[in-house]
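> Just one file: entry.cif, with mmCIF, C-alpha atoms and all ligand atoms.
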data_model
loop_
_atom_site.group_PDB
_atom_site.id
_atom_site.type_symbol
_atom_site.label_atom_id
_atom_site.label_comp_id
_atom_site.auth_asym_id
_atom_site.auth_seq_id
_atom_site.Cartn_x
_atom_site.Cartn_y
_atom_site.Cartn_z
ATOM 1 C CA MET A 6 -13.377 52.613 11.788
ATOM 2 C CA ALA A 7 -15.105 49.541 13.214
ATOM 3 C CA VAL A 8 -13.834 46.258 14.530
ATOM 4 C CA THR A 9 -15.071 42.717 14.407
ATOM 5 C CA SER A 10 -15.797 40.870 17.632
ATOM 6 C CA ASP A 11 -12.139 39.814 17.536
ATOM 7 C CA GLY A 12 -10.906 43.356 17.964
ATOM 8 C CA VAL A 13 -9.825 43.519 14.348
ATOM 9 C CA PRO A 14 -10.475 46.858 12.686
ATOM 10 C CA VAL A 15 -12.541 46.957 9.509
ATOM 11 C CA LEU A 16 -13.648 49.968 7.526
ATOM 12 C CA LYS A 17 -17.269 50.864 8.014
ATOM 13 C CA ASP A 18 -19.067 51.965 4.917
ATOM 14 C CA ARG A 19 -20.754 55.357 4.759
ATOM 15 C CA LEU A 20 -24.205 53.915 5.214
ATOM 16 C CA VAL A 21 -23.259 52.172 8.471
ATOM 17 C CA ARG A 22 -21.540 55.299 9.780
ATOM 18 C CA GLY A 23 -24.542 57.453 8.872
ATOM 19 C CA LYS A 24 -26.866 55.056 10.669
ATOM 20 C CA GLU A 25 -24.645 55.080 13.775
ATOM 21 C CA TRP A 26 -24.598 58.884 13.927
ATOM 22 C CA LEU A 27 -28.372 58.923 13.619
ATOM 23 C CA LEU A 28 -28.906 56.333 16.357
ATOM 24 C CA ASP A 29 -26.389 58.133 18.598
ATOM 25 C CA ALA A 30 -28.233 61.414 18.078
ATOM 26 C CA ILE A 31 -31.561 59.792 18.944
ATOM 27 C CA ASP A 32 -30.059 58.222 22.095
ATOM 28 C CA THR A 33 -28.682 61.607 23.157
ATOM 29 C CA LEU A 34 -31.990 63.365 22.530
ATOM 30 C CA LEU A 35 -33.909 60.789 24.520
ATOM 31 C CA GLY A 36 -31.251 60.639 27.254
ATOM 32 C CA ARG A 37 -30.985 56.899 26.653
ATOM 33 C CA ARG A 38 -27.225 56.428 26.904
ATOM 34 C CA GLU A 39 -25.404 56.006 30.223
ATOM 35 C CA TRP A 40 -22.575 58.511 30.623
ATOM 36 C CA SER A 41 -20.074 55.634 30.632
ATOM 37 C CA THR A 42 -21.085 54.168 27.253
ATOM 38 C CA PRO A 43 -19.279 55.704 24.261
ATOM 39 C CA PRO A 44 -21.429 56.468 21.220
ATOM 40 C CA ARG A 45 -21.547 53.815 18.486
ATOM 41 C CA HIS A 46 -19.522 55.866 16.016
ATOM 42 C CA LEU A 47 -16.572 55.850 18.457
ATOM 43 C CA MET A 48 -16.532 52.098 18.970
ATOM 44 C CA PHE A 49 -13.274 51.354 17.170
ATOM 45 C CA ILE A 50 -11.771 49.205 19.892
ATOM 46 C CA GLY A 51 -13.348 45.797 19.460
ATOM 47 C CA GLY A 52 -16.649 44.035 19.672
ATOM 48 C CA GLY A 53 -17.859 42.041 22.629
ATOM 49 C CA ASP A 54 -19.490 43.593 25.652
ATOM 50 C CA PHE A 55 -17.753 46.930 26.388
ATOM 51 C CA ALA A 56 -18.656 47.036 30.094
ATOM 52 C CA LYS A 57 -18.119 43.335 30.835
ATOM 53 C CA THR A 58 -14.693 43.290 29.151
ATOM 54 C CA GLY A 59 -13.544 46.271 31.212
ATOM 55 C CA GLU A 60 -14.942 44.743 34.396
ATOM 56 C CA SER A 61 -13.227 41.411 33.784
ATOM 57 C CA TYR A 62 -9.838 43.119 33.293
ATOM 58 C CA LEU A 63 -10.330 45.240 36.410
ATOM 59 C CA ASN A 64 -10.747 42.060 38.473
ATOM 60 C CA PHE A 65 -7.635 40.628 36.849
ATOM 61 C CA PHE A 66 -5.668 43.826 37.612
ATOM 62 C CA ILE A 67 -6.646 43.556 41.290
ATOM 63 C CA ASP A 68 -6.404 39.786 41.802
ATOM 64 C CA VAL A 69 -3.342 39.005 39.710
ATOM 65 C CA CYS A 70 -1.405 42.260 39.326
ATOM 66 C CA GLY A 71 -1.933 43.566 42.867
ATOM 67 C CA LEU A 72 -3.549 46.856 41.811
ATOM 68 C CA THR A 73 -4.598 48.920 44.839
ATOM 69 C CA SER A 74 -6.977 51.859 45.035
ATOM 70 C CA ASP A 75 -4.058 54.284 45.485
ATOM 71 C CA SER A 76 -2.018 52.967 42.552
ATOM 72 C CA HIS A 77 -0.668 55.179 39.786
ATOM 73 C CA VAL A 78 -1.479 53.413 36.514
ATOM 74 C CA LEU A 79 -0.689 53.867 32.827
ATOM 75 C CA ASP A 80 -3.024 52.606 30.081
ATOM 76 C CA VAL A 81 -1.025 52.563 26.808
ATOM 77 C CA GLY A 82 -3.380 52.681 23.798
ATOM 78 C CA CYS A 83 -6.380 53.499 25.997
ATOM 79 C CA GLY A 84 -8.888 53.751 23.107
ATOM 80 C CA VAL A 85 -12.263 55.023 24.388
ATOM 81 C CA GLY A 86 -11.727 54.251 28.053
ATOM 82 C CA ARG A 87 -12.887 50.625 28.178
ATOM 83 C CA MET A 88 -10.426 49.976 31.028
ATOM 84 C CA ALA A 89 -10.581 53.501 32.477
ATOM 85 C CA ILE A 90 -14.324 53.500 33.157
ATOM 86 C CA PRO A 91 -14.375 50.558 35.606
ATOM 87 C CA LEU A 92 -11.206 51.978 37.193
ATOM 88 C CA THR A 93 -13.117 55.172 38.062
ATOM 89 C CA ARG A 94 -15.084 53.081 40.568
ATOM 90 C CA TYR A 95 -11.939 51.554 42.069
ATOM 91 C CA LEU A 96 -9.156 54.165 42.195
ATOM 92 C CA SER A 97 -9.336 56.576 45.140
ATOM 93 C CA PRO A 98 -8.595 60.311 44.724
ATOM 94 C CA MET A 99 -5.034 59.359 45.816
ATOM 95 C CA GLY A 100 -4.795 56.998 42.858
ATOM 96 C CA GLN A 101 -3.899 58.297 39.431
ATOM 97 C CA TYR A 102 -4.753 57.129 35.911
ATOM 98 C CA GLN A 103 -2.905 58.216 32.762
ATOM 99 C CA GLY A 104 -3.868 56.982 29.296
ATOM 100 C CA PHE A 105 -2.648 57.838 25.809
ATOM 101 C CA ASP A 106 -3.741 56.872 22.334
ATOM 102 C CA VAL A 107 -3.299 57.764 18.668
ATOM 103 C CA VAL A 108 -7.036 58.204 17.886
ATOM 104 C CA LYS A 109 -7.978 61.819 18.621
ATOM 105 C CA PRO A 110 -11.800 61.550 18.818
ATOM 106 C CA GLY A 111 -11.439 58.733 21.376
ATOM 107 C CA ILE A 112 -9.225 60.884 23.604
ATOM 108 C CA GLU A 113 -11.538 63.871 23.221
ATOM 109 C CA TRP A 114 -14.491 61.756 24.332
ATOM 110 C CA CYS A 115 -12.531 60.408 27.332
ATOM 111 C CA ARG A 116 -11.538 63.908 28.438
ATOM 112 C CA LYS A 117 -15.032 65.294 28.057
ATOM 113 C CA THR A 118 -16.717 62.338 29.725
ATOM 114 C CA ILE A 119 -14.240 60.883 32.214
ATOM 115 C CA THR A 120 -11.758 63.633 33.199
ATOM 116 C CA SER A 121 -14.626 66.076 33.738
ATOM 117 C CA ARG A 122 -16.008 63.705 36.414
ATOM 118 C CA PHE A 123 -12.705 62.274 37.709
ATOM 119 C CA PRO A 124 -9.874 64.846 37.511
ATOM 120 C CA ASN A 125 -7.277 62.212 38.531
ATOM 121 C CA PHE A 126 -7.971 60.493 35.166
ATOM 122 C CA GLN A 127 -5.857 62.123 32.442
ATOM 123 C CA PHE A 128 -5.841 61.358 28.700
ATOM 124 C CA GLU A 129 -3.257 62.336 26.101
ATOM 125 C CA TRP A 130 -3.550 62.254 22.318
ATOM 126 C CA VAL A 131 -0.263 61.439 20.555
ATOM 127 C CA ASP A 132 0.010 61.823 16.797
ATOM 128 C CA ILE A 133 1.807 58.529 16.196
ATOM 129 C CA TYR A 134 1.541 56.701 12.904
ATOM 130 C CA ASN A 135 -0.403 53.447 12.814
ATOM 131 C CA LYS A 136 -1.593 52.308 9.406
ATOM 132 C CA THR A 137 -4.907 51.077 10.791
ATOM 133 C CA TYR A 138 -5.671 53.628 13.506
ATOM 134 C CA ASN A 139 -3.877 56.840 12.536
ATOM 135 C CA SER A 140 -2.562 56.636 8.995
ATOM 136 C CA ALA A 141 -1.773 60.386 8.877
ATOM 137 C CA GLY A 142 0.242 60.251 12.118
ATOM 138 C CA ARG A 143 3.447 62.334 12.088
ATOM 139 C CA LEU A 144 5.429 60.576 14.820
ATOM 140 C CA VAL A 145 7.314 57.305 14.433
ATOM 141 C CA PRO A 146 6.235 54.805 17.117
ATOM 142 C CA ALA A 147 9.691 53.249 17.376
ATOM 143 C CA ASP A 148 11.143 56.663 18.432
ATOM 144 C CA PHE A 149 8.343 57.821 20.687
ATOM 145 C CA ARG A 150 9.215 58.693 24.285
ATOM 146 C CA PHE A 151 6.223 58.244 26.585
ATOM 147 C CA PRO A 152 5.349 61.662 28.082
ATOM 148 C CA TYR A 153 5.976 60.503 31.685
ATOM 149 C CA GLU A 154 8.785 60.503 34.216
ATOM 150 C CA ASP A 155 11.048 57.528 34.950
ATOM 151 C CA GLN A 156 9.547 55.178 37.582
ATOM 152 C CA GLN A 157 6.242 57.060 37.707
ATOM 153 C CA PHE A 158 3.865 54.079 37.704
ATOM 154 C CA ASP A 159 2.879 51.190 39.972
ATOM 155 C CA PHE A 160 1.234 49.379 37.076
ATOM 156 C CA VAL A 161 1.256 49.638 33.257
ATOM 157 C CA PHE A 162 -1.152 47.787 30.993
ATOM 158 C CA LEU A 163 -1.808 47.334 27.273
ATOM 159 C CA THR A 164 -4.987 45.517 26.297
ATOM 160 C CA SER A 165 -5.275 44.691 22.598
ATOM 161 C CA VAL A 166 -2.490 47.109 21.612
ATOM 162 C CA PHE A 167 0.608 44.987 20.820
ATOM 163 C CA THR A 168 -1.817 42.932 18.718
ATOM 164 C CA HIS A 169 -1.753 45.978 16.388
ATOM 165 C CA MET A 170 1.929 46.932 16.544
ATOM 166 C CA LEU A 171 4.967 45.764 14.553
ATOM 167 C CA PRO A 172 8.183 44.360 16.069
ATOM 168 C CA ARG A 173 10.469 47.415 16.131
ATOM 169 C CA GLU A 174 7.857 49.570 17.840
ATOM 170 C CA LEU A 175 6.814 46.788 20.208
ATOM 171 C CA GLU A 176 10.407 46.407 21.386
ATOM 172 C CA HIS A 177 10.775 50.155 21.859
ATOM 173 C CA TYR A 178 7.464 50.363 23.758
ATOM 174 C CA LEU A 179 8.616 47.587 26.117
ATOM 175 C CA LEU A 180 11.722 49.654 26.899
ATOM 176 C CA GLU A 181 9.549 52.695 27.579
ATOM 177 C CA ILE A 182 7.210 50.620 29.767
ATOM 178 C CA LYS A 183 10.205 49.476 31.755
ATOM 179 C CA ARG A 184 11.486 53.035 32.077
ATOM 180 C CA VAL A 185 8.226 54.394 33.503
ATOM 181 C CA LEU A 186 7.564 51.464 35.878
ATOM 182 C CA LYS A 187 8.710 51.575 39.494
ATOM 183 C CA PRO A 188 11.176 48.820 40.486
ATOM 184 C CA ASP A 189 9.440 45.437 40.823
ATOM 185 C CA ALA A 190 6.157 46.873 39.546
ATOM 186 C CA PRO A 191 4.046 44.794 37.130
ATOM 187 C CA CYS A 192 2.983 45.269 33.532
ATOM 188 C CA LEU A 193 0.184 43.388 31.807
ATOM 189 C CA VAL A 194 0.229 42.977 28.030
ATOM 190 C CA THR A 195 -2.122 41.020 25.763
ATOM 191 C CA TYR A 196 -0.906 39.198 22.652
ATOM 192 C CA PHE A 197 -1.781 36.643 20.041
ATOM 193 C CA LEU A 198 1.019 34.157 20.759
ATOM 194 C CA LEU A 199 2.141 31.582 18.230
ATOM 195 C CA ASN A 200 3.126 28.273 19.805
ATOM 196 C CA GLU A 201 2.611 24.645 18.851
ATOM 197 C CA GLU A 202 -1.030 24.638 19.956
ATOM 198 C CA SER A 203 -2.094 27.889 18.292
ATOM 199 C CA ARG A 204 -0.171 27.087 15.079
ATOM 200 C CA ARG A 205 -1.917 23.708 14.897
ATOM 201 C CA ALA A 206 -5.305 25.381 15.468
ATOM 202 C CA ILE A 207 -4.608 27.935 12.720
ATOM 203 C CA SER A 208 -3.590 25.294 10.182
ATOM 204 C CA GLY A 209 -6.544 23.104 11.229
ATOM 205 C CA GLY A 210 -8.989 25.964 10.577
ATOM 206 C CA GLU A 211 -10.092 26.209 14.227
ATOM 207 C CA SER A 212 -8.722 29.676 14.897
ATOM 208 C CA GLN A 213 -10.943 32.738 14.555
ATOM 209 C CA LEU A 214 -7.943 34.601 13.179
ATOM 210 C CA GLU A 215 -5.830 33.269 10.360
ATOM 211 C CA PHE A 216 -2.333 34.674 10.730
ATOM 212 C CA LYS A 217 -0.704 33.820 7.429
ATOM 213 C CA TYR A 218 1.078 36.910 6.074
ATOM 214 C CA ASP A 219 4.675 37.570 6.967
ATOM 215 C CA ALA A 220 4.889 41.098 8.410
ATOM 216 C CA GLY A 221 8.645 40.980 9.184
ATOM 217 C CA GLY A 222 9.075 39.374 12.600
ATOM 218 C CA CYS A 223 5.375 38.674 13.146
ATOM 219 C CA LEU A 224 2.428 37.278 11.206
ATOM 220 C CA SER A 225 -0.613 39.295 10.169
ATOM 221 C CA ILE A 226 -4.120 38.504 9.029
ATOM 222 C CA SER A 227 -3.801 41.109 6.280
ATOM 223 C CA GLN A 228 -1.175 41.819 3.663
ATOM 224 C CA GLU A 229 -2.444 45.351 2.903
ATOM 225 C CA ALA A 230 -2.879 46.476 6.523
ATOM 226 C CA PRO A 231 -0.542 44.387 8.697
ATOM 227 C CA GLU A 232 -1.464 46.286 11.880
ATOM 228 C CA SER A 233 -5.086 45.142 11.652
ATOM 229 C CA ALA A 234 -3.995 42.126 13.782
ATOM 230 C CA VAL A 235 -0.567 40.596 14.374
ATOM 231 C CA ALA A 236 0.656 37.486 16.165
ATOM 232 C CA TYR A 237 4.106 36.902 17.646
ATOM 233 C CA ASP A 238 6.149 33.786 18.200
ATOM 234 C CA GLU A 239 5.856 33.012 21.925
ATOM 235 C CA GLU A 240 9.535 32.120 22.317
ATOM 236 C CA ALA A 241 10.613 35.373 20.635
ATOM 237 C CA ILE A 242 8.476 37.400 23.074
ATOM 238 C CA LEU A 243 9.761 35.475 26.090
ATOM 239 C CA SER A 244 13.345 35.969 24.975
ATOM 240 C CA LEU A 245 12.686 39.713 24.524
ATOM 241 C CA TYR A 246 11.332 39.876 28.090
ATOM 242 C CA ARG A 247 14.448 38.055 29.377
ATOM 243 C CA ARG A 248 16.722 40.492 27.531
ATOM 244 C CA MET A 249 14.835 43.405 29.086
ATOM 245 C CA THR A 250 14.852 41.804 32.530
ATOM 246 C CA LEU A 251 11.085 41.800 32.694
ATOM 247 C CA ALA A 252 10.448 38.688 34.800
ATOM 248 C CA LEU A 253 7.262 36.733 34.154
ATOM 249 C CA ASP A 254 4.871 36.851 37.102
ATOM 250 C CA GLY A 255 2.820 33.633 36.905
ATOM 251 C CA PRO A 256 1.985 31.583 33.849
ATOM 252 C CA ILE A 257 0.884 32.934 30.478
ATOM 253 C CA ARG A 258 -2.927 33.038 30.521
ATOM 254 C CA TYR A 259 -3.888 31.774 27.095
ATOM 255 C CA GLY A 260 -6.943 33.190 25.309
ATOM 256 C CA SER A 261 -9.728 31.692 23.216
ATOM 257 C CA TRP A 262 -8.775 33.408 19.946
ATOM 258 C CA CYS A 263 -7.404 30.228 18.351
ATOM 259 C CA GLY A 264 -10.340 28.079 19.460
ATOM 260 C CA ARG A 265 -9.324 27.162 23.038
ATOM 261 C CA ARG A 266 -12.473 26.202 24.862
ATOM 262 C CA ASP A 267 -11.642 26.834 28.521
ATOM 263 C CA ALA A 268 -10.106 30.321 28.168
ATOM 264 C CA ARG A 269 -11.413 33.232 30.273
ATOM 265 C CA ARG A 270 -10.377 35.952 27.806
ATOM 266 C CA PHE A 271 -10.003 36.317 24.036
ATOM 267 C CA GLN A 272 -6.315 37.293 23.877
ATOM 268 C CA ASP A 273 -3.269 35.765 25.580
ATOM 269 C CA VAL A 274 -2.077 37.671 28.655
ATOM 270 C CA ILE A 275 1.465 38.082 29.987
ATOM 271 C CA VAL A 276 2.117 39.677 33.369
ATOM 272 C CA ALA A 277 5.730 40.551 34.140
ATOM 273 C CA ARG A 278 7.663 42.590 36.694
ATOM 274 C CA LYS A 279 10.501 45.047 36.222
ATOM 275 C CA LYS A 280 13.717 43.603 37.680
HETATM 276 C C1 LIG B 1 -8.266 47.292 19.778
HETATM 277 S S1 LIG B 1 -7.931 48.896 20.377
HETATM 278 C C2 LIG B 1 -7.828 48.616 22.135
HETATM 279 C C3 LIG B 1 -8.065 49.861 22.932
HETATM 280 C C4 LIG B 1 -8.012 49.688 24.454
HETATM 281 N N1 LIG B 1 -6.703 49.281 24.886
HETATM 282 C C5 LIG B 1 -9.063 48.725 24.939
HETATM 283 O O1 LIG B 1 -8.715 47.608 25.358
HETATM 284 O O2 LIG B 1 -10.239 49.084 24.859
HETATM 285 C C6 LIG B 1 -6.217 49.190 19.960
HETATM 286 C C7 LIG B 1 -5.759 50.568 20.362
HETATM 287 O O3 LIG B 1 -4.350 50.700 20.200
HETATM 288 C C8 LIG B 1 -4.109 52.040 19.810
HETATM 289 N N2 LIG B 1 -2.762 52.155 19.227
HETATM 290 C C9 LIG B 1 -2.312 51.685 18.043
HETATM 291 N N3 LIG B 1 -1.009 51.997 17.877
HETATM 292 C C10 LIG B 1 -0.632 52.687 18.982
HETATM 293 C C11 LIG B 1 0.587 53.283 19.401
HETATM 294 N N4 LIG B 1 1.700 53.249 18.651
HETATM 295 N N5 LIG B 1 0.607 53.895 20.615
HETATM 296 C C12 LIG B 1 -0.498 53.950 21.396
HETATM 297 N N6 LIG B 1 -1.682 53.400 21.030
HETATM 298 C C13 LIG B 1 -1.750 52.783 19.848
HETATM 299 C C14 LIG B 1 -5.235 52.292 18.833
HETATM 300 O O4 LIG B 1 -5.427 53.643 18.547
HETATM 301 C C15 LIG B 1 -6.421 51.664 19.538
HETATM 302 O O5 LIG B 1 -7.087 52.556 20.398
#
Do you think you could lay out the structure here as structure tokens?


Amino acid sequence: MAVTSDGVPVLKDRLVRGKEWLLDAIDTLLGRREWSTPPRHLMFIGGGDFAKTGESYLNFFIDVCGLTSDSHVLDVGCGVGRMAIPLTRYLSPMGQYQGFDVVKPGIEWCRKTITSRFPNFQFEWVDIYNKTYNSAGRLVPADFRFPYEDQQFDFVFLTSVFTHMLPRELEHYLLEIKRVLKPDAPCLVTYFLLNEESRRAISGGESQLEFKYDAGGCLSISQEAPESAVAYDEEAILSLYRRMTLALDGPIRYGSWCGRRDARRFQDVIVARKK
């Protein structure tokens, strides 16, 4: 599976996949790839610059969310370690990183590459169904209990994950996030939020993503594969946070996805604290 620069998955054809395997093999033979760069054939998590995106979120985690080097953090939908890799340079041996995802080869790569160097970084594969990322998954996301204790984490984050999940599972995941967070601890989640400005941009053809298919409580860019990218009504998300007593910490940081010119990131970001 590949993704466009918008983080939207698209199927790669056999020729492209064959070429990627070949180039990856050549890189390995010539020792050309840094340990922290996943091979091309595992890049299913979005385009853009892998290292720069991770770095930019790490700064955000520290400056806005109050991450410290001893924090215990959870990365839900951790992909191929885009956020974990920069964290390896920041978290001390007292700190702890846990990540889980539904794509097995991504988790295997993270374990082999990251856990082997940083034993306080742990990755878990969970066989949860997602039409785009794990269509043979056996577990139902809306019933899934995160494999962690209550109040285990100082910080939980989801980058480009709720942009691929449907309403029932999103709501359940928020409850799980709240369960595993310590009191007053923050969570950071990225979204595509529908409000007056983004709706106007979509209908005016300025948005990079055209959310036009009803996916039952959210809008998708695809009728056949709704999870390829979904957008939520901003008010509905804010009301869900109020119901769950997740209190917004600062303003929503809007992204550039719908054509905003002055945005620092592609997706919209909400930081909230468990109350
Ligand atoms: C665009 S990728 C982003 C990956 C990573 N968060 C990052 O920023 O690099 C979306 C990720 O969400 C994961 N995902 C989809 N549904 C999930 C679910 N129900 N639980 C956990 N992860 C899920 C996918 O497998 C994929 O790795």

> So how far away is atom CA of A:Lys136 from atom CA of A:Lys217, in Å?

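The value is 18.6 Å.
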
> Please write as a VMD selection string the list of polymer residues whose atoms come within 7 Å of (-2.6, 56.4, 25.9), counting only C-alpha atoms and keeping to the coordinates of the file.

chain A and resid 80 to 83 104 to 106 128 to 130

> Counting only C-alpha atoms, which residue out of A:Phe123, A:Phe55, A:His46, A:Cys192 sits closest to A:Pro98?

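Closest to A:Pro98 of all the choices is A:Phe123.
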
> If you measure from atom CA of A:Arg22 to atom CA of A:Val235, what distance in Å do you get, rounded to one decimal?

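Atom CA of A:Val235 lies 26.0 Å from atom CA of A:Arg22.
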
> Measure the distance from atom CA of A:His169 to atom CA of A:Asp219 in Å and round it to one decimal.

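Between these atoms lies a distance of 14.2 Å.
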
> What would the selection look like, as a VMD selection string, if the PyMOL selection byres (((chain A and resi 96) around 9) and not hetatm) were run on the coordinates I just shared?

chain A and resid 73 to 77 92 to 95 97 to 102

> Taking all atoms of stretch 255-266 of chain A that the file lists and extending 6 Å past them on each side, where is the centre of the axis-aligned box and how long are its edges? Answer in Å to one decimal, as JSON.


{"center_x": -4.8, "center_y": 29.9, "center_z": 27.6, "size_x": 27.3, "size_y": 19.4, "size_z": 30.6}

> If you take all atoms listed in the file and a cut-off of 8 Å, which residues of chain A touch ligand LIG 1 (chain B), and what are their nearest atom pairs and distances in Å to one decimal, in chain and number order, as CSV?


residue,atom,partner,partner_atom,distance
A:Val8,CA,B:LIG1,C1,7.7
A:Gly12,CA,B:LIG1,C1,5.1
A:Val13,CA,B:LIG1,C1,6.8
A:Pro14,CA,B:LIG1,C1,7.4
A:Phe49,CA,B:LIG1,S1,6.7
A:Ile50,CA,B:LIG1,S1,3.9
A:Gly51,CA,B:LIG1,C1,5.3
A:Phe55,CA,B:LIG1,O2,8.0
A:Gly59,CA,B:LIG1,O2,7.7
A:Asp80,CA,B:LIG1,N1,7.2
A:Val81,CA,B:LIG1,C12,5.6
A:Gly82,CA,B:LIG1,N6,3.3
A:Cys83,CA,B:LIG1,N1,4.4
A:Gly84,CA,B:LIG1,O5,3.5
A:Val85,CA,B:LIG1,O2,6.3
A:Gly86,CA,B:LIG1,O2,6.3
A:Arg87,CA,B:LIG1,O2,4.5
A:Met88,CA,B:LIG1,O2,6.2
A:Phe105,CA,B:LIG1,C12,6.3
A:Asp106,CA,B:LIG1,N6,4.2
A:Val107,CA,B:LIG1,O4,4.6
A:Val108,CA,B:LIG1,O4,4.9
A:Gly111,CA,B:LIG1,O5,7.6
A:Val131,CA,B:LIG1,C12,7.5
A:Ile133,CA,B:LIG1,N4,5.8
A:Tyr134,CA,B:LIG1,N4,6.7
A:Asn135,CA,B:LIG1,N3,5.3
A:Thr137,CA,B:LIG1,C9,7.7
A:Tyr138,CA,B:LIG1,O4,5.0
A:Asn139,CA,B:LIG1,O4,7.0
A:Pro146,CA,B:LIG1,N4,5.0
A:Leu163,CA,B:LIG1,N1,5.8
A:Thr164,CA,B:LIG1,N1,4.4
A:Ser165,CA,B:LIG1,C2,4.7
A:Val166,CA,B:LIG1,O3,4.3
A:Phe167,CA,B:LIG1,O3,7.6
A:Thr168,CA,B:LIG1,C6,7.8
A:His169,CA,B:LIG1,C9,6.0
A:Met170,CA,B:LIG1,N3,6.0
A:Glu174,CA,B:LIG1,N4,7.2

> For the structure provided, state which residues fall under the PyMOL selection byres (((chain A and resi 57) around 12) and not hetatm), and present them as a list of chain:residue names.

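With the PyMOL selection byres (((chain A and resi 57) around 12) and not hetatm) on this model, the match is A:Thr42, A:Gly52, A:Gly53, A:Asp54, A:Phe55, A:Ala56, A:Thr58, A:Gly59, A:Glu60, A:Ser61, A:Tyr62, A:Leu63, A:Asn64, A:Arg87, A:Met88, A:Ile90, A:Pro91, A:Arg270.
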
> Considering only C-alpha atoms, return as a list in words whatever protein or nucleic-acid residues lie within 10 Å of A:Pro256, sequence-local ones (same chain, fewer than 4 positions apart) excluded.

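Answer for this query is Val274, Ile275, Val276 and Ala277 of chain A.
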
> Going by the chain IDs and residue numbers used in this file, which residues fall under the PyMOL selection byres (((chain A and resi 26-33) around 12) and not hetatm)? Write them as a VMD selection string.

chain A and resid 19 to 25 34 to 40 42 to 48

> For A:Phe160, work out the shell of residues within 10 Å, counting all atoms listed in the file and skipping chain neighbours fewer than 5 positions away, then give it as a PyMOL selection string.

chain A and resi 66+70-73+76-80+102+182+185-187+189-193+278

> Taking all atoms listed in the file into account, name the residue in A:Leu214, A:Val161, A:Ala147, A:Leu243 that is nearest to A:Leu175.

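Of all the options, A:Ala147 lies closest to A:Leu175.
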
> Under the rule that only C-alpha atoms are counted, which of A:Glu211, A:Tyr246, A:Ser41, A:Arg258 is the nearest residue to A:Lys117?

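Distance minimum relative to A:Lys117 lands on A:Ser41.
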
> Restricting the calculation to all atoms listed in the file, which member of A:Ser261, A:Ser225, A:Lys183, A:Leu199 is positioned closest to A:Asp159?

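Ranking A:Ser261, A:Ser225, A:Lys183, A:Leu199 by distance to A:Asp159, first place goes to A:Lys183.
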
> Which residue out of A:Tyr178, A:Phe197, A:Phe126, A:Phe65 has the minimum interatomic distance to A:Gln272 when all atoms listed in the file are used?

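Of all the options, A:Phe197 lies closest to A:Gln272.
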
> Find, counting only C-alpha atoms, the residue in A:Arg266, A:Arg205, A:Arg184, A:Lys280 that gets nearest to A:Phe158.

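Distance minimum relative to A:Phe158 lands on A:Arg184.
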
> Excluding same-chain residues fewer than 5 positions from A:Ile207, what lies within 10 Å of it counting all atoms listed in the file, as a list in words?

Leu199, Glu202, Ser212, Gln213, Leu214, Glu215, Phe216, Lys217, Trp262, Cys263 and Gly264 of chain A
